[in-house]
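Worksheet: one structure, shown below.
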Amino acid sequence: MRINRIERDITALADELEVPGIGHLPVNAYVLHAAEPVVVDTGLSLPGRGFIEALSSVVDPADVKWIWLTHPDRDHTGSLFDLLDAAPNARLVTTFLAVGIMSCARPVPLNRVFLLNPGQSLDVGDRRLTAFRPPLFDNPSTVGFYDESSNSCFSSDCFGAPMPSAELATADDVGYAPGAAVRAAQHLWAAVDSPWVRIVDEGKFLATVSEFRAMDPQRILSTHLPPAEGRTPEYVEMLATAPSTDPFVGPDQAALEQMLASFEPPTSSEV
């Protein structure tokens with residue numbers, strides 16, 4: 001895990017996951033160093049990722065006041081319950097639906113929950129965080145937010161893009177990757193993560209894109225993209241063309257068997 005200080009009041013905890021045939025998917029969590037510190041998502045649900053240790057190097061968990069869970073998929077909730085233990089004064093910002101989803105696997109302490117819906121705001125001492133539903137999402141409980149103080153948008157899965165290497169996936173700025181390649185990867189991710197975008201009413205979808213355009217954040221902080229500074233106009237254009245992207249078709253069993261065969265050690269006659 002790599003620690004990237006994006007701004008004086010924002011730190012990214014950058015991890016990545018290699019997806020065969022797709023690339024290296026960035027998996028970011030964030031710390032918003034507000035008067036009441038906010039942790040945004042809690043990393044992958046895989047052993048040995050060192051999330052709490054990385055977090056502790058940038059903020060004392062005991063000082064964390066809010067844990068904003070953008071949605072309860074397992075690439076966002078990896079260290080959630082560990083963090084709730086380590087941050088006894090923190091409230092979990094989420095939705096009613098997300099609590100229900102998480103409760104299917106493990107009870108959520110309801111006395112620690114703070115329910116917030118799109119359009120509502122949270123005061124964290126020195127700024128207001130306004131919740132919104134990103135134009136692209138893979139979970140119906142997804143809620144990102146706009147921080148008016150830093151002019152930053154925390155967009156959850158929206159704008160994600162697999163990168164060609166682990167180094168690019170954990171970079172402190174998406175600008176290290178060629179723009180055309182990022183756009184193609186964002187369209188791929190839209191097809192993988194939000195396949196519904198090809199079949200919904202395009203006018204209604206574009207209305208959500210217009211709402212994001214009006215927000216006009218200086219900085220887009222996605223879970224699945226390196227931090228993006230000053231790229232809102234081009235990324236809005238990318239969203240507008242997402243409904244016309246080609247559908248994603250994953251590997252079938254024959255492809256899987258071919259892939260597994262390539263992992264097999266050579267026989268004695270091949271050595």
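Ligands are numbered from 1 in the order shown, chains are lettered A, B, ... in the order of the structure tokens, and residues start at 1 in each chain.
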
**OP:** Please report, as number ranges by chain, each residue of stretch 75-134 of chain A to which DSSP assigns helix (DSSP H, G or I) when run on this structure's backbone.
**Re:** A: 80-86, 96-103, 110-112

Write a file of the selected residues as a compact mmCIF listing (two decimals), in the first residue's frame, keeping N, CA, C and O atoms.
```
# COMPACT_ATOMS: atom_id res chain seq x y z
N LEU A 80 -13.22 -2.41 7.70
CA LEU A 80 -14.25 -1.61 8.36
C LEU A 80 -14.39 -1.94 9.83
O LEU A 80 -14.34 -1.05 10.70
N PHE A 81 -14.55 -3.21 10.16
CA PHE A 81 -14.81 -3.56 11.55
C PHE A 81 -13.55 -3.42 12.40
O PHE A 81 -13.65 -3.07 13.59
N ASP A 82 -12.38 -3.64 11.82
CA ASP A 82 -11.14 -3.36 12.54
C ASP A 82 -11.04 -1.87 12.85
O ASP A 82 -10.60 -1.48 13.95
N LEU A 83 -11.45 -1.03 11.89
CA LEU A 83 -11.37 0.40 12.12
C LEU A 83 -12.41 0.85 13.15
O LEU A 83 -12.12 1.73 13.99
N LEU A 84 -13.58 0.27 13.12
CA LEU A 84 -14.57 0.60 14.14
C LEU A 84 -14.05 0.28 15.54
O LEU A 84 -14.29 1.03 16.51
N ASP A 85 -13.28 -0.81 15.66
CA ASP A 85 -12.67 -1.15 16.94
C ASP A 85 -11.57 -0.16 17.31
O ASP A 85 -11.45 0.24 18.48
N ALA A 86 -10.75 0.21 16.31
CA ALA A 86 -9.61 1.09 16.58
C ALA A 86 -10.01 2.54 16.74
O ALA A 86 -9.24 3.34 17.30
N PHE A 96 -29.35 3.27 4.74
CA PHE A 96 -30.18 2.21 5.29
C PHE A 96 -29.98 0.91 4.50
O PHE A 96 -29.84 -0.17 5.07
N LEU A 97 -29.95 1.02 3.16
CA LEU A 97 -29.76 -0.15 2.32
C LEU A 97 -28.41 -0.80 2.57
O LEU A 97 -28.29 -2.03 2.65
N ALA A 98 -27.36 0.02 2.69
CA ALA A 98 -26.02 -0.53 2.91
C ALA A 98 -25.94 -1.27 4.24
O ALA A 98 -25.30 -2.33 4.33
N VAL A 99 -26.57 -0.75 5.27
CA VAL A 99 -26.59 -1.44 6.55
C VAL A 99 -27.25 -2.81 6.40
O VAL A 99 -26.78 -3.82 6.93
N GLY A 100 -28.34 -2.86 5.64
CA GLY A 100 -29.02 -4.13 5.42
C GLY A 100 -28.15 -5.13 4.69
O GLY A 100 -28.10 -6.31 5.04
N ILE A 101 -27.43 -4.67 3.68
CA ILE A 101 -26.55 -5.55 2.92
C ILE A 101 -25.44 -6.10 3.81
O ILE A 101 -25.16 -7.30 3.83
N MET A 102 -24.79 -5.21 4.59
CA MET A 102 -23.69 -5.65 5.45
C MET A 102 -24.19 -6.59 6.54
O MET A 102 -23.47 -7.53 6.94
N SER A 103 -25.40 -6.37 7.02
CA SER A 103 -25.93 -7.18 8.12
C SER A 103 -26.19 -8.62 7.70
O SER A 103 -26.36 -9.49 8.56
N LEU A 110 -25.61 -0.56 15.30
CA LEU A 110 -26.49 0.53 14.87
C LEU A 110 -26.26 1.81 15.67
O LEU A 110 -26.54 2.91 15.16
N ASN A 111 -25.76 1.70 16.88
CA ASN A 111 -25.49 2.91 17.66
C ASN A 111 -24.29 3.69 17.11
O ASN A 111 -24.07 4.83 17.49
N ARG A 112 -23.54 3.06 16.19
CA ARG A 112 -22.39 3.74 15.57
C ARG A 112 -22.75 4.30 14.19
O ARG A 112 -21.93 4.97 13.56
```

With a cut-off of 12 Å, could you pull out the residues of stretch 129-153 of chain A touching stretch 29-39 of chain A and give me the nearest pair of atoms for each, distance in Å to one decimal, using only C-alpha atoms, ordered by chain and ascending number, as a Markdown table?
```
| residue | atom | partner | partner_atom | distance |
| --- | --- | --- | --- | --- |
| A:Leu129 | CA | A:Val38 | CA | 10.3 |
| A:Phe145 | CA | A:Leu32 | CA | 11.8 |
| A:Tyr146 | CA | A:Leu32 | CA | 11.7 |
| A:Asp147 | CA | A:Leu32 | CA | 9.4 |
| A:Glu148 | CA | A:Ala34 | CA | 11.8 |
| A:Ser149 | CA | A:Ala34 | CA | 9.5 |
| A:Ser150 | CA | A:Leu32 | CA | 9.6 |
| A:Ser152 | CA | A:Leu32 | CA | 10.3 |
| A:Cys153 | CA | A:Leu32 | CA | 11.6 |
```

Original post:
Skipping near chain neighbours, those fewer than 2 positions away, what residues fall within 8 Å of A:Leu44 using only C-alpha atoms, listed as an NGL selection string?
Top reply: :A and (27 or 42 or 46 or 49 or 74-79)

**OP:** Tell me, as a PyMOL selection string, which residues lie within 7 Å of stretch 138-140 of chain A, counting only C-alpha atoms; anything in the same chain fewer than 6 positions away does not count.
**Re:** chain A and resi 71+193-194

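In this comparison, which uses only C-alpha atoms, the residue of A:Thr11, A:Ser165, A:Gln120, A:Thr130 approaching A:Pro227 most closely is A:Thr11.
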
Enumerate, in order of chain and increasing residue number, the residues of stretch 127-218 of chain A with an atom no farther than 10 Å from stretch 242-263 of chain A, each with its shortest atom pair and distance in Å to one decimal, counting only C-alpha atoms, as a Markdown table.
```
| residue | atom | partner | partner_atom | distance |
| --- | --- | --- | --- | --- |
| A:Leu136 | CA | A:Ala242 | CA | 9.2 |
| A:Ala184 | CA | A:Thr245 | CA | 9.6 |
| A:Gln186 | CA | A:Ala242 | CA | 8.8 |
| A:His187 | CA | A:Ala242 | CA | 6.2 |
| A:Leu188 | CA | A:Phe248 | CA | 7.2 |
| A:Trp189 | CA | A:Phe248 | CA | 8.8 |
| A:Ala190 | CA | A:Ala242 | CA | 6.7 |
| A:Ala191 | CA | A:Phe248 | CA | 5.5 |
| A:Val192 | CA | A:Phe248 | CA | 5.8 |
| A:Asp193 | CA | A:Phe248 | CA | 9.4 |
| A:Ser194 | CA | A:Ala242 | CA | 9.5 |
| A:Pro195 | CA | A:Pro247 | CA | 7.1 |
| A:Trp196 | CA | A:Pro243 | CA | 8.6 |
| A:Val197 | CA | A:Pro243 | CA | 5.2 |
| A:Arg198 | CA | A:Pro243 | CA | 4.4 |
| A:Ile199 | CA | A:Pro243 | CA | 7.5 |
| A:Val200 | CA | A:Pro243 | CA | 8.2 |
| A:Asp201 | CA | A:Pro243 | CA | 9.4 |
| A:Glu202 | CA | A:Pro243 | CA | 7.1 |
| A:Phe205 | CA | A:Pro243 | CA | 8.6 |
| A:Leu206 | CA | A:Pro243 | CA | 9.4 |
```

**OP:** Taking the DSSP assignment computed from this structure's backbone, write out as a list of chain:residue names all residues of stretch 147-226 of chain A that belong to strand (DSSP E or B).
**Re:**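 These are the residues in question: A:Asp147, A:Ser152, A:Cys153, A:Phe154, A:Ser155, A:Ser156, A:Met163, A:Arg219, A:Ile220, A:Leu221, A:Ser222.
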
**OP:** Work out how far atom CA of A:Pro217 is from atom CA of A:Arg183, in Å to one decimal.
**Re:** 18.5 Å

**OP:** Skip A:Pro135 itself and residues of its chain fewer than 4 positions away, then list as a count of residues only all residues within 7 Å of it, counting only C-alpha atoms.
**Re:** 3

Original post:
Which residue gives the smallest distance to A:Asp41 among A:Pro118, A:Gly144, A:Pro162, A:Pro178, with only C-alpha atoms counted?
Top reply: A:Gly144

Original post:
Rounded to one decimal in Å, what is the spacing between atom CA of A:Pro47 and atom CA of A:Thr94?
Top reply: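 About the pair atom CA of A:Pro47 and atom CA of A:Thr94: they are 24.1 Å apart.
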